[in-house]
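Participant: Before anything else, here's the structure in question.
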Amino acid sequence: MADEATTHAEEHHTSTGISNEKLAMWVFLGSECLLFGGLISTYMFNKGRIGPNDIGPDDVFDIPFTSVSSFVLLMSSLTMVFAVSAIARGDLRGNRIWLATTAALGATFVAGQVYEFTAFYSEGLGFTTNLFGSAFYALTGFHGAHVTIGIIMLMSLYVMSMRGNLGPERAETVEIIGLYWHFVDIVWIVIFTIVYLFPQ
Amino acid sequence: MSRRLKVLVWLSSLLVIAGTIALIVVGIVVTDDHPLSTLSPVGRQGRDIARLINPIFIVAGVVFFLVQGAVLALWWRYRVGGSETGDGEHGYYEDDEFPDQTHGNDRLEIAWTIVPTILLAVISVFTLVALFALDDVDASDEDMVVTVIGQQWWWEYQYHLDGDTTTAPDFVTANELVIPAGVDVALDIKSRDVIHSFWIPKLNGKRDAVPGRSHDWVIQADNPGRYRGQCTEFCGLSHGYMKMVAVALTPSEFAQWRDNQMTPASAPAEGTAAAAGWEVFSQQCASCHAVNGLTSAANRGGAAESPPDDWDIYGEFNGGYAGPVITDELIAGAAPNLTHLMTRGTFAGSIFDLYLGAGDHIPYLELANRGTLNRGDLEAWISNAPERKPADADGLRGMPARTGLSPDDIDNVVAFLSTLD
Amino acid sequence: MATVTPESPDTAHAPDEHAHPSNWLYVKVAIALALLTAFEVFTYFETVHGWGDTAIIIMLVLMMLVKFFLVVAFFMHLKFDAPIFWRLFVFGLILAMAVYMVMLTAFRFW
Amino acid sequence: MTVTDRTITAPEETLALPAGPAVAHRPLGVFTRPQGSEGWRSWLFTVDHKRIGIMYGAAAMFFFLVGGAEALFIRLQLATPNGSVIGAGTYNGVFTMHGVTMVFLVIMPMAAAFANYLLPLQVGARDVAFPRLNAFSFWCFLAGGLLLVSSIFIGGWFQNAPDGGWFNYAPNSGLPFSPSKGIDFYAVGLQITGIASLVSSINLIVTVLNMRTKGMSFFRMPVLTWMLLITQFLLLFAIPVITVALFLLMFDRLWDANFFNVAAGADPLLWQHLFWIFGHPEVYILILPAFGIVSEIIPTFSRKPLFGYHFMVASGIAIGFMGWGVWAHHMFTSGIGPLAVAAFSVSTMFIAVPTGVKILNWLATMYRGRLRFTTPMLYAVGVVSMFTIGGLSGVTHAIAPSDTQQTDTYYIVAHFHYVIFGGALLGLFGGFYFWWPKAFGYKLSEAWGKASFWVMLVGFNFTFGPMHILGLQGMSRRISTYRADEGFALWNMVATIGSFVIAVGVAMFLWNVYASTRKWQRAGRPDVGPDPWDARGLEWMTASPVPEHNFDSEIEVERLDEFWHRKYGVDENHRVVKTATAEEVAHDGSNTKVHLPSPSYWPIVLGGGILLVGYGLIYNLWLAAAGLVLLVGAIYGWILEPADDPDAAGHHDDHHDDGDGHGDPSGNGGPDGNGESASAAAPADTEEAATVG
Ligand code: HEA
Ligand code: HEA
Ligand code: CUA
Ligand SMILES: [Cu+2]
């Protein structure tokens, strides 16, 4: 920004009053809608395009199990907001605890997904088995990759906090990562309903 | 620039523009009888399309001249000569002459939003009317339906004389689609491998042949004649060589042709060259090509008597997906049915003429009797097809080279093929 | 240009309850989410199947949307945050829904 | 998009959390930041939006020669019937690479060049919002581009080049039908350039929304800024769609998925929908920047403000919106059913309305103007005239029944070259001439410029004009040859000759660059001054070439065309009078104390990592793993590198502006927000910086 050199000590401001990072994250999430939208529609379009004797959703889905892991992911959003409000209050220790909890819940979810994948695979549904298989693994796997990246970011925050690099003045960083995390969560809300719960 | 030079530049650029326009107009007029021209339709659908588009070309032409005229007029009227102000270092306008600093005019803006809107609204009404009219098929269920199957890189036609495409066809032919003139012919367009597009420009627009789907289409030719076509969806290596011909015959000629197509071939007489050719053919060619009455029905895409398991390559797909597709492979392994090869005017995706200089001089039904066989291309094709028409090295698509055949073998095979009329 | 500058670090230490929804609110939202999820899962089992697929799908979609917007509005703070976020995100969301629904319609999917 | 005529002010209740000063990390050996602004290294590590813009431009120019050379091969092959210059197989690779190169590696990056260079200047900012990400976008784009182009050479001349056409319909793109590596290069290469475009669009959107100088409300932004902003939004939303399509394709080819496997029940039209949902907004991505450029050039050389500014902005927005609802006009013959065809046919037609508004407003700007036909003006007027031709043929395609005759013929080829070459490319060339003095401090020769314009224009019309005729005569696209008796010989020959005339025109442009540079150097590098054209935008309000820090002090904007109004006033008779010279108004670049972001090693390393991953996906997953390691390493380097290097000349610091990393190896995930993420409020200053390290 074209500040006077002599006045650069003044605060930097943005036209909207919003920080660049936060704005960028929201812009990015807007774009992610089209990414997941594409994958979800691909799934919807293709899940039924299998033969009568082919292995399909009804043959593999284990709704109670997936409900539990969905619940876990949902609750990780709650712990995430706790982490954000902890750091906003200056409660660094609380922030760390909630970050770790969130990451752990996320990891539980991913572990559940890995378990689910192996179970489906052993029941005969592979990535290449049929269109349902390809579409299912592509969509949920892609979501899982997003969760994994989120976990890595949460853990990085945790490490930063341990090393004293994540003070209250950087609360917004936590908030931004939280936005990403919640987004991944809402995508799962949609996936859980459309992929698992819709009558097949 | 001096004044004279400027005039010269102006004149010459005007000349270039005028010349281009003139060339284009002349070009269209002079070359209108192109075999594939979309501008000279001879069928109902083609005509309907032309009737719709021609006025729109005129509208576009008017807008074109208005805009280009405005550009030139503004240029001419308001330009500031190069000599008045130099190629100065700073600022082009040494003068203080400023035009009125108009910022806009809302009325004008609204006007030139509304006028084109109305214009387009009118156009879209005509478009929709034509669109749905074209979709009306004037062929009843009883009437003949031809299943058109595109594959790399030729067309197969399965004639269902009773209009029932779910049963085996009455006969099968390739590359030249023969239809009765004057009536709507219903097509059912499919593909065995990738997307192709069926297009006989003088009769109708195109319709894609999409694997896994079945598309209805209609063509109609006013008069008997031969109308060329070209696969227009990029379909891999030899897309440019995937052509076809639609042949319209009078109803009686068509009946004659049809009856002939339904008769199976008979074995050539013992001891003739053709019999020797059949020997070779049955070993070298019959694994792919069917000749009804002679080869077994197991050939893919082949015989009429009993269809192979995967006859209906994608199940029935009318209106969308309806169940799984069971086929062993989608790569075109099928080959043209050669039972009546000699009745065709062209071969190999209609890129070669089967008869020398046949043109339109010989009536279609007389080709086999009166035409002079184009031996050069046919023999070259048989001995090394990929050289004449690019095909994949893996031999999965197109016809493989048969370079092992001796010249004698080839002569004999051609003699055999000549009996297939 | 900017009229609002982010708070300086010293004010950040002050607990700014006025802007932050309290944790209790978050918990309430989470409970709502949990209940909705429970009900969603409930529809999956026989008991409500008598209602017909369309009714179930409509219900599921409604519940899904409520959950979606609860998370967005509260956990992601969109309810309290600058409207520009709302516009950016919802624009993408609506565009995605519109475009892909038109696509599926063209496939006669519904 | 927010369209308000006021600065958005955050509401009182805003939840803006404190974003305090970044913790200054201690440099750990390699983690110091690169220094210096001279020499080739400084270009590799630069984060300066202007240098990045110039590199985008240069790379695009390079790819233009590649794509143009491919076009010449196409034309040679088709010059005569039964052509045999290159065989069918090579031909398919050549036209595919031509289309892909021209669209993704020429027009898009050329527009990115202008966006990078001009957007911050036009809104009065010091740099983009995230300078390092900006550098990363460029290197990532270059990685994708080089990967794509390398396919021409790898394993033999055009043996592994993509050969499915630029829209690459399934299932022809599947492994059984295209067993070479070509389509893999396509799928991977375009994903990489997609990441670049996506990252850059986010960056530029944030820049425009957030970095505007004082008083620069939305409706005081130049039309170019607007058009670029709309373009970035189109990219933001369109790139993910093609990414999905490419993903599915890649899964099919590399890991045997079934998305386009018809035997397993797939419907190949899915690819077409996804591709064109992206593809149609894409064509407006190609044209809108040129529209913006034309909207800057025509007022300048008409000596009038742009006619109907608000309508120009609104029509751009309308085009951006409507562009999302017309994609299936590329699928009229695919068998999508009459209702869908009808809907898309009608929606397509009405796109002519906002586009027409633009054309007519340009004409109205010229009306009663004092028109100076400088080279940029020639190009701009060329756009008005040539684009209209392409637009009108576009409307004739929109008539669905007629399009069944036209589609996949040369009539379409004529249409899109008129809009792309006659619209986008001419516009961008005009932009080169117009902003050249701004970027480099001297003008390109007007004589050569005009001559090359006319040569190009004439060659262009001779190349593509006849294609209208060819198409209507029934010549199909993408055919490697045609029969002699089809009657296409004459116009094909004319088109081929025309294409070589274009080549001469392009060569004249290159010569112009060379000769003008030499002349300027020999003359002792005379100064063109800040405002050589008597122009209107803020970018002219600083020295030429633009100093590294852009403006010496923050500019306060009070109206549209602020700079122009500072030069001119109105007397009592409402006549315009000059009140100040440009030199008096403009900054001279003497303030060297402005803080600048430090250069960084990591963007280019990250780009290299992505390149490795790309080749790895195609050839060997171990290579991909190595690339991934490099990539992750680069991300951590990025995060850990010091915010500032006190030893660096020129007191660089990056104001912690670009902290937002993007810890996403897949390139699709979210920013990790680590690093110096807390930014905007960082009260970094020299004193503090000096204490670091
Ligand atoms: C810069 C890129 C660009 C632009 C701006 C456009 C603009 C338009 N395009 Fe084009 N188009 C392409 C690039 C572009 N196109 C490409 C690359 C393809 C081929 C892809 C492929 O197959 O490889 C294509 C293909 C294409 C098709 C598919 C053809 C086919 O394959 O069958 C269609 C069909 O409707 C179409 C329509 C239009 C329309 C209606 C516009 C409109 O936006 C044009 C509007 C402009 C005007 C109309 C002129 C000015 C207006 C006036 C002066 C007002 C008065 C006018 C009237 C009342 C008519 N285009
Ligand atoms: C996006 C912009 C763009 C641009 C600028 C161009 C520019 C040109 N294009 Fe086009 N073209 C496309 C985009 C573009 N094209 C697309 C998207 C397709 C569809 C592809 C598909 O179907 O998949 C296509 C297809 C296409 C075809 C149809 C191929 C077919 O369907 O079979 C043809 C045929 O003539 C053609 C010709 C040309 C020519 C002659 C130019 C000329 O204007 C080029 C002029 C430039 C030069 C002549 C460069 C100058 C070179 C030199 C001075 C020598 C340099 C040498 C070296 C140093 C290496 N192009
Ligand atoms: Cu078949 Cu092109
Ligand atoms: Cu389009």
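Following the order of the structure tokens, chains are lettered A, B, ..., residues in each are numbered from 1, and ligands are numbered from 1.
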Excluding A:Glu116 and its own-chain neighbours fewer than 2 positions away, which residues fall within 10 Å of it when counting only C-alpha atoms? Please give them as a PyMOL selection string.

Facilitator: chain A and resi 60-62+65-66+110-114+118-122

Participant: What would the file look like if the residues just selected were written as an mmCIF file, in the first residue's frame with N, CA and C atoms?

Facilitator:
data_model
loop_
_atom_site.group_PDB
_atom_site.id
_atom_site.type_symbol
_atom_site.label_atom_id
_atom_site.label_comp_id
_atom_site.auth_asym_id
_atom_site.auth_seq_id
_atom_site.Cartn_x
_atom_site.Cartn_y
_atom_site.Cartn_z
ATOM 1 N N VAL A 60 -23.608 -52.083 0.989
ATOM 2 C CA VAL A 60 -22.423 -51.813 1.801
ATOM 3 C C VAL A 60 -22.653 -50.856 2.969
ATOM 4 N N PHE A 61 -23.560 -49.903 2.792
ATOM 5 C CA PHE A 61 -23.638 -48.861 3.807
ATOM 6 C C PHE A 61 -23.996 -49.430 5.179
ATOM 7 N N ASP A 62 -23.320 -48.884 6.162
ATOM 8 C CA ASP A 62 -23.583 -49.252 7.536
ATOM 9 C C ASP A 62 -23.959 -47.948 8.241
ATOM 10 N N PHE A 65 -22.920 -46.949 11.904
ATOM 11 C CA PHE A 65 -21.500 -46.618 12.013
ATOM 12 C C PHE A 65 -21.215 -45.230 11.466
ATOM 13 N N THR A 66 -21.697 -44.978 10.241
ATOM 14 C CA THR A 66 -21.413 -43.688 9.630
ATOM 15 C C THR A 66 -22.071 -42.553 10.410
ATOM 16 N N VAL A 110 -11.524 -39.570 10.291
ATOM 17 C CA VAL A 110 -10.756 -40.117 9.169
ATOM 18 C C VAL A 110 -10.498 -41.605 9.386
ATOM 19 N N ALA A 111 -10.195 -41.947 10.648
ATOM 20 C CA ALA A 111 -9.970 -43.353 10.933
ATOM 21 C C ALA A 111 -11.230 -44.149 10.615
ATOM 22 N N GLY A 112 -12.383 -43.603 11.000
ATOM 23 C CA GLY A 112 -13.644 -44.278 10.691
ATOM 24 C C GLY A 112 -13.788 -44.465 9.192
ATOM 25 N N GLN A 113 -13.387 -43.433 8.461
ATOM 26 C CA GLN A 113 -13.515 -43.529 7.008
ATOM 27 C C GLN A 113 -12.584 -44.614 6.451
ATOM 28 N N VAL A 114 -11.382 -44.665 7.000
ATOM 29 C CA VAL A 114 -10.454 -45.707 6.547
ATOM 30 C C VAL A 114 -11.046 -47.081 6.841
ATOM 31 N N THR A 118 -12.082 -49.956 4.085
ATOM 32 C CA THR A 118 -11.580 -51.340 4.059
ATOM 33 C C THR A 118 -12.739 -52.320 4.152
ATOM 34 N N ALA A 119 -13.737 -51.971 4.975
ATOM 35 C CA ALA A 119 -14.882 -52.870 5.091
ATOM 36 C C ALA A 119 -15.585 -53.009 3.745
ATOM 37 N N PHE A 120 -15.827 -51.877 3.100
ATOM 38 C CA PHE A 120 -16.496 -51.933 1.792
ATOM 39 C C PHE A 120 -15.673 -52.741 0.807
ATOM 40 N N TYR A 121 -14.375 -52.504 0.897
ATOM 41 C CA TYR A 121 -13.504 -53.192 -0.070
ATOM 42 C C TYR A 121 -13.606 -54.690 0.119
ATOM 43 N N SER A 122 -13.625 -55.097 1.400
ATOM 44 C CA SER A 122 -13.675 -56.541 1.627
ATOM 45 C C SER A 122 -15.043 -57.109 1.249
#

Participant: Which chain A residues are at most 9 Å from chain B (counting only C-alpha atoms), as a count of residues only?

Facilitator: 5

Participant: Taking only residues of chain D that have an atom at most 6 Å from an atom of ligand 1, what is each one's shortest atom pair and its distance in Å to one decimal, using only C-alpha atoms and all ligand atoms, in chain and number order, as a tab-separated table?

Facilitator:
residue	atom	partner	partner_atom_place_in_ligand_line	distance
D:Val283	CA	ligand 1	2 (C)	4.0
D:Tyr284	CA	ligand 1	5 (C)	5.4
D:Leu286	CA	ligand 1	1 (C)	5.1
D:Ile287	CA	ligand 1	1 (C)	4.5
D:His329	CA	ligand 1	35 (O)	4.7
D:His330	CA	ligand 1	28 (C)	4.2
D:Thr348	CA	ligand 1	40 (C)	5.3
D:Met349	CA	ligand 1	40 (C)	5.3
D:Ile351	CA	ligand 1	43 (O)	5.3
D:Ala352	CA	ligand 1	45 (C)	3.9
D:Val353	CA	ligand 1	54 (C)	6.0
D:Thr355	CA	ligand 1	46 (C)	5.1
D:Gly356	CA	ligand 1	51 (C)	3.4
D:Ile359	CA	ligand 1	53 (C)	5.9
D:Thr388	CA	ligand 1	49 (C)	4.2
D:Gly391	CA	ligand 1	46 (C)	3.5
D:Leu392	CA	ligand 1	48 (C)	4.5
D:Gly394	CA	ligand 1	38 (C)	3.7
D:Val395	CA	ligand 1	40 (C)	4.1
D:His397	CA	ligand 1	34 (C)	4.2
D:Ala398	CA	ligand 1	35 (O)	3.4
D:Asp403	CA	ligand 1	32 (O)	5.4
D:Thr407	CA	ligand 1	32 (O)	3.4
D:Asp408	CA	ligand 1	31 (O)	5.5
D:Ile412	CA	ligand 1	29 (C)	5.7
D:Phe416	CA	ligand 1	12 (C)	4.4
D:Val419	CA	ligand 1	1 (C)	4.8
D:Ile420	CA	ligand 1	1 (C)	4.3
D:Ala424	CA	ligand 1	1 (C)	6.0

Participant: Kindly export the residues of the current selection with C-alpha atoms, as a PDB file, in the first residue's frame.

Facilitator:
ATOM      1  CA  VAL D 283     -14.598 -17.766 -23.200  1.00  0.00           C
ATOM      2  CA  TYR D 284     -15.692 -14.704 -21.280  1.00  0.00           C
ATOM      3  CA  LEU D 286     -10.746 -14.730 -22.471  1.00  0.00           C
ATOM      4  CA  ILE D 287     -12.630 -11.721 -23.735  1.00  0.00           C
ATOM      5  CA  HIS D 329     -25.089 -24.365 -26.669  1.00  0.00           C
ATOM      6  CA  HIS D 330     -21.977 -26.388 -27.338  1.00  0.00           C
ATOM      7  CA  THR D 348     -27.535 -17.830 -25.461  1.00  0.00           C
ATOM      8  CA  MET D 349     -29.105 -15.356 -27.812  1.00  0.00           C
ATOM      9  CA  ILE D 351     -25.977 -12.592 -24.294  1.00  0.00           C
ATOM     10  CA  ALA D 352     -25.790 -10.477 -27.407  1.00  0.00           C
ATOM     11  CA  VAL D 353     -27.600  -7.707 -25.525  1.00  0.00           C
ATOM     12  CA  THR D 355     -22.242  -7.329 -25.398  1.00  0.00           C
ATOM     13  CA  GLY D 356     -23.964  -5.042 -27.832  1.00  0.00           C
ATOM     14  CA  ILE D 359     -19.886  -2.181 -28.631  1.00  0.00           C
ATOM     15  CA  THR D 388     -18.622  -7.781 -33.808  1.00  0.00           C
ATOM     16  CA  GLY D 391     -20.236 -12.061 -32.094  1.00  0.00           C
ATOM     17  CA  LEU D 392     -22.750 -12.025 -34.892  1.00  0.00           C
ATOM     18  CA  GLY D 394     -22.037 -16.499 -32.451  1.00  0.00           C
ATOM     19  CA  VAL D 395     -25.660 -15.424 -32.510  1.00  0.00           C
ATOM     20  CA  HIS D 397     -24.921 -20.522 -33.719  1.00  0.00           C
ATOM     21  CA  ALA D 398     -27.322 -19.813 -30.938  1.00  0.00           C
ATOM     22  CA  ASP D 403     -26.390 -24.927 -35.352  1.00  0.00           C
ATOM     23  CA  THR D 407     -21.538 -27.171 -35.344  1.00  0.00           C
ATOM     24  CA  ASP D 408     -18.146 -28.770 -35.756  1.00  0.00           C
ATOM     25  CA  ILE D 412     -17.465 -22.404 -35.838  1.00  0.00           C
ATOM     26  CA  PHE D 416     -14.204 -18.308 -32.396  1.00  0.00           C
ATOM     27  CA  VAL D 419     -13.883 -13.398 -31.191  1.00  0.00           C
ATOM     28  CA  ILE D 420     -10.625 -14.707 -29.789  1.00  0.00           C
ATOM     29  CA  ALA D 424      -9.124 -10.983 -27.154  1.00  0.00           C
TER      30      ALA D 424
END

Participant: Name each residue within 7 Å of ligand 2, counting only C-alpha atoms and all ligand atoms, as a ChimeraX atom specification.

Facilitator: /D:64-69,71-72,74-75,95-96,98-100,102-103,107,165-167,413,417,420-421,425,460,463,477-480,499-500,502-504,506-507

Participant: Hey, which residues come within 8 Å of ligand 4 if we count only C-alpha atoms and all ligand atoms? Could you give them as a list of chain:residue names?

Facilitator: D:Trp276, D:Gly279, D:His280, D:Pro281, D:Val283, D:Gly323, D:Val326, D:Trp327, D:Ala328, D:His329, D:His330

Participant: Using only C-alpha atoms and all ligand atoms, which residues of the polymer chains come no farther than 12 Å from ligand 3? I'd like the answer as JSON, numbers by chain.

Facilitator: {"B": [149, 150, 151, 152, 153, 154, 155, 156, 175, 190, 191, 192, 193, 194, 195, 196, 197, 198, 199, 206, 207, 208, 209, 210, 211, 229, 230, 231, 232, 233, 234, 235, 236, 237, 238, 239, 240, 241, 242, 243, 244, 332, 349], "D": [92, 164, 165, 169, 172, 408, 409, 476, 477, 478, 479, 480]}

Participant: When distances are computed from only C-alpha atoms, which of C:Phe80, C:Trp110, C:Phe42, C:Phe85 shows the smallest separation from chain B?

Facilitator: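 Residue with the minimum atom-to-atom distance to chain B: C:Trp110.
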
Participant: Residues of stretch 137-241 of chain B in strand (DSSP E or B) according to DSSP, as JSON, numbers by chain?

Facilitator: {"B": [145, 146, 147, 148, 149, 150, 151, 154, 155, 156, 157, 158, 159, 160, 171, 172, 173, 174, 176, 177, 178, 179, 180, 185, 186, 187, 188, 189, 190, 191, 196, 197, 198, 207, 208, 209, 215, 216, 217, 218, 219, 225, 226, 227, 228, 229, 230]}

Participant: Could those selected residues go to a file with N, CA and C atoms, as a CSV table (one decimal), in the first residue's frame?

Facilitator:
chain,number,residue,atom,x,y,z
B,145,VAL,N,-37.0,-48.4,-39.7
B,145,VAL,CA,-36.1,-47.6,-38.9
B,145,VAL,C,-34.7,-48.2,-39.2
B,146,VAL,N,-33.8,-47.3,-39.4
B,146,VAL,CA,-32.4,-47.7,-39.7
B,146,VAL,C,-31.6,-47.4,-38.4
B,147,THR,N,-31.0,-48.4,-37.8
B,147,THR,CA,-30.1,-48.1,-36.7
B,147,THR,C,-28.7,-47.8,-37.3
B,148,VAL,N,-28.3,-46.6,-37.0
B,148,VAL,CA,-27.0,-46.1,-37.6
B,148,VAL,C,-26.0,-46.3,-36.5
B,149,ILE,N,-24.9,-47.1,-36.7
B,149,ILE,CA,-23.9,-47.3,-35.7
B,149,ILE,C,-22.6,-46.7,-36.2
B,150,GLY,N,-22.1,-45.7,-35.4
B,150,GLY,CA,-20.8,-45.2,-35.7
B,150,GLY,C,-19.8,-46.0,-35.0
B,151,GLN,N,-18.6,-46.1,-35.6
B,151,GLN,CA,-17.5,-46.7,-34.9
B,151,GLN,C,-16.2,-46.3,-35.6
B,154,TRP,N,-16.0,-45.9,-39.5
B,154,TRP,CA,-17.0,-46.2,-40.6
B,154,TRP,C,-18.3,-46.3,-39.9
B,155,TRP,N,-19.3,-46.4,-40.8
B,155,TRP,CA,-20.7,-46.4,-40.3
B,155,TRP,C,-21.4,-47.8,-40.7
B,156,GLU,N,-22.1,-48.3,-39.8
B,156,GLU,CA,-22.9,-49.5,-40.1
B,156,GLU,C,-24.4,-49.1,-40.1
B,157,TYR,N,-25.1,-49.7,-41.0
B,157,TYR,CA,-26.6,-49.5,-41.0
B,157,TYR,C,-27.3,-50.8,-40.9
B,158,GLN,N,-28.2,-50.8,-39.8
B,158,GLN,CA,-29.0,-52.0,-39.6
B,158,GLN,C,-30.4,-51.7,-40.0
B,159,TYR,N,-30.9,-52.3,-41.0
B,159,TYR,CA,-32.3,-52.0,-41.4
B,159,TYR,C,-33.3,-52.9,-40.7
B,160,HIS,N,-34.2,-52.1,-40.0
B,160,HIS,CA,-35.3,-52.8,-39.3
B,160,HIS,C,-36.6,-52.5,-40.1
B,171,PHE,N,-31.4,-56.7,-42.5
B,171,PHE,CA,-30.1,-56.8,-43.2
B,171,PHE,C,-29.2,-55.7,-42.7
B,172,VAL,N,-27.9,-55.9,-43.0
B,172,VAL,CA,-26.9,-54.9,-42.5
B,172,VAL,C,-26.0,-54.5,-43.6
B,173,THR,N,-25.7,-53.2,-43.7
B,173,THR,CA,-24.8,-52.7,-44.7
B,173,THR,C,-23.9,-51.6,-44.1
B,174,ALA,N,-23.0,-51.1,-44.9
B,174,ALA,CA,-22.1,-50.2,-44.3
B,174,ALA,C,-21.8,-49.0,-45.2
B,176,GLU,N,-22.8,-46.7,-47.0
B,176,GLU,CA,-23.8,-46.0,-47.8
B,176,GLU,C,-25.2,-46.3,-47.3
B,177,LEU,N,-25.8,-45.3,-46.9
B,177,LEU,CA,-27.2,-45.4,-46.3
B,177,LEU,C,-28.2,-45.2,-47.5
B,178,VAL,N,-28.9,-46.3,-47.8
B,178,VAL,CA,-29.8,-46.2,-48.9
B,178,VAL,C,-31.2,-45.9,-48.4
B,179,ILE,N,-31.9,-44.9,-48.9
B,179,ILE,CA,-33.2,-44.6,-48.4
B,179,ILE,C,-34.2,-44.4,-49.6
B,180,PRO,N,-35.4,-44.5,-49.4
B,180,PRO,CA,-36.4,-44.1,-50.4
B,180,PRO,C,-36.5,-42.6,-50.4
B,185,VAL,N,-37.3,-40.8,-43.2
B,185,VAL,CA,-36.7,-42.0,-42.8
B,185,VAL,C,-36.2,-41.9,-41.4
B,186,ALA,N,-36.7,-42.7,-40.5
B,186,ALA,CA,-36.3,-42.6,-39.1
B,186,ALA,C,-35.0,-43.3,-38.8
B,187,LEU,N,-34.1,-42.6,-38.2
B,187,LEU,CA,-32.8,-43.2,-37.8
B,187,LEU,C,-32.7,-43.3,-36.3
B,188,ASP,N,-31.9,-44.3,-35.9
B,188,ASP,CA,-31.7,-44.5,-34.5
B,188,ASP,C,-30.2,-44.6,-34.4
B,189,ILE,N,-29.6,-43.5,-33.9
B,189,ILE,CA,-28.2,-43.4,-34.0
B,189,ILE,C,-27.4,-43.8,-32.7
B,190,LYS,N,-26.5,-44.7,-32.9
B,190,LYS,CA,-25.7,-45.2,-31.8
B,190,LYS,C,-24.3,-45.3,-32.1
B,191,SER,N,-23.5,-45.6,-31.1
B,191,SER,CA,-22.1,-45.8,-31.4
B,191,SER,C,-21.5,-47.0,-30.7
B,196,HIS,N,-19.4,-40.1,-32.3
B,196,HIS,CA,-19.3,-39.7,-33.7
B,196,HIS,C,-20.5,-38.8,-34.0
B,197,SER,N,-20.5,-38.3,-35.2
B,197,SER,CA,-21.7,-37.5,-35.5
B,197,SER,C,-22.1,-37.7,-36.9
B,198,PHE,N,-23.4,-38.0,-37.1
B,198,PHE,CA,-23.9,-38.4,-38.4
B,198,PHE,C,-24.5,-37.2,-39.1
B,207,ARG,N,-26.4,-35.2,-35.9
B,207,ARG,CA,-26.8,-35.8,-34.6
B,207,ARG,C,-25.7,-36.7,-34.1
B,208,ASP,N,-25.3,-36.5,-32.9
B,208,ASP,CA,-24.2,-37.3,-32.4
B,208,ASP,C,-24.6,-38.7,-32.1
B,209,ALA,N,-23.6,-39.6,-32.4
B,209,ALA,CA,-23.7,-41.0,-32.1
B,209,ALA,C,-22.9,-41.2,-30.8
B,215,HIS,N,-30.1,-42.1,-30.2
B,215,HIS,CA,-30.7,-40.8,-30.6
B,215,HIS,C,-31.5,-41.0,-31.8
B,216,ASP,N,-32.7,-40.4,-31.7
B,216,ASP,CA,-33.6,-40.4,-32.9
B,216,ASP,C,-33.2,-39.3,-33.8
B,217,TRP,N,-33.4,-39.6,-35.1
B,217,TRP,CA,-33.1,-38.5,-36.1
B,217,TRP,C,-33.9,-38.9,-37.3
B,218,VAL,N,-34.2,-37.9,-38.1
B,218,VAL,CA,-35.0,-38.2,-39.3
B,218,VAL,C,-34.2,-37.5,-40.5
B,219,ILE,N,-34.2,-38.2,-41.6
B,219,ILE,CA,-33.8,-37.5,-42.8
B,219,ILE,C,-34.8,-37.8,-43.9
B,225,GLY,N,-30.9,-39.4,-55.5
B,225,GLY,CA,-29.5,-38.8,-55.7
B,225,GLY,C,-28.6,-39.3,-54.6
B,226,ARG,N,-27.3,-38.9,-54.8
B,226,ARG,CA,-26.3,-39.3,-53.8
B,226,ARG,C,-25.9,-38.1,-53.0
B,227,TYR,N,-25.9,-38.2,-51.7
B,227,TYR,CA,-25.6,-37.1,-50.9
B,227,TYR,C,-24.5,-37.4,-49.9
B,228,ARG,N,-23.5,-36.6,-49.9
B,228,ARG,CA,-22.3,-37.0,-49.1
B,228,ARG,C,-22.5,-36.5,-47.7
B,229,GLY,N,-21.7,-37.2,-46.9
B,229,GLY,CA,-21.7,-36.8,-45.4
B,229,GLY,C,-20.3,-37.0,-44.9
B,230,GLN,N,-20.2,-36.6,-43.6
B,230,GLN,CA,-18.9,-36.6,-43.0
B,230,GLN,C,-19.2,-36.8,-41.5
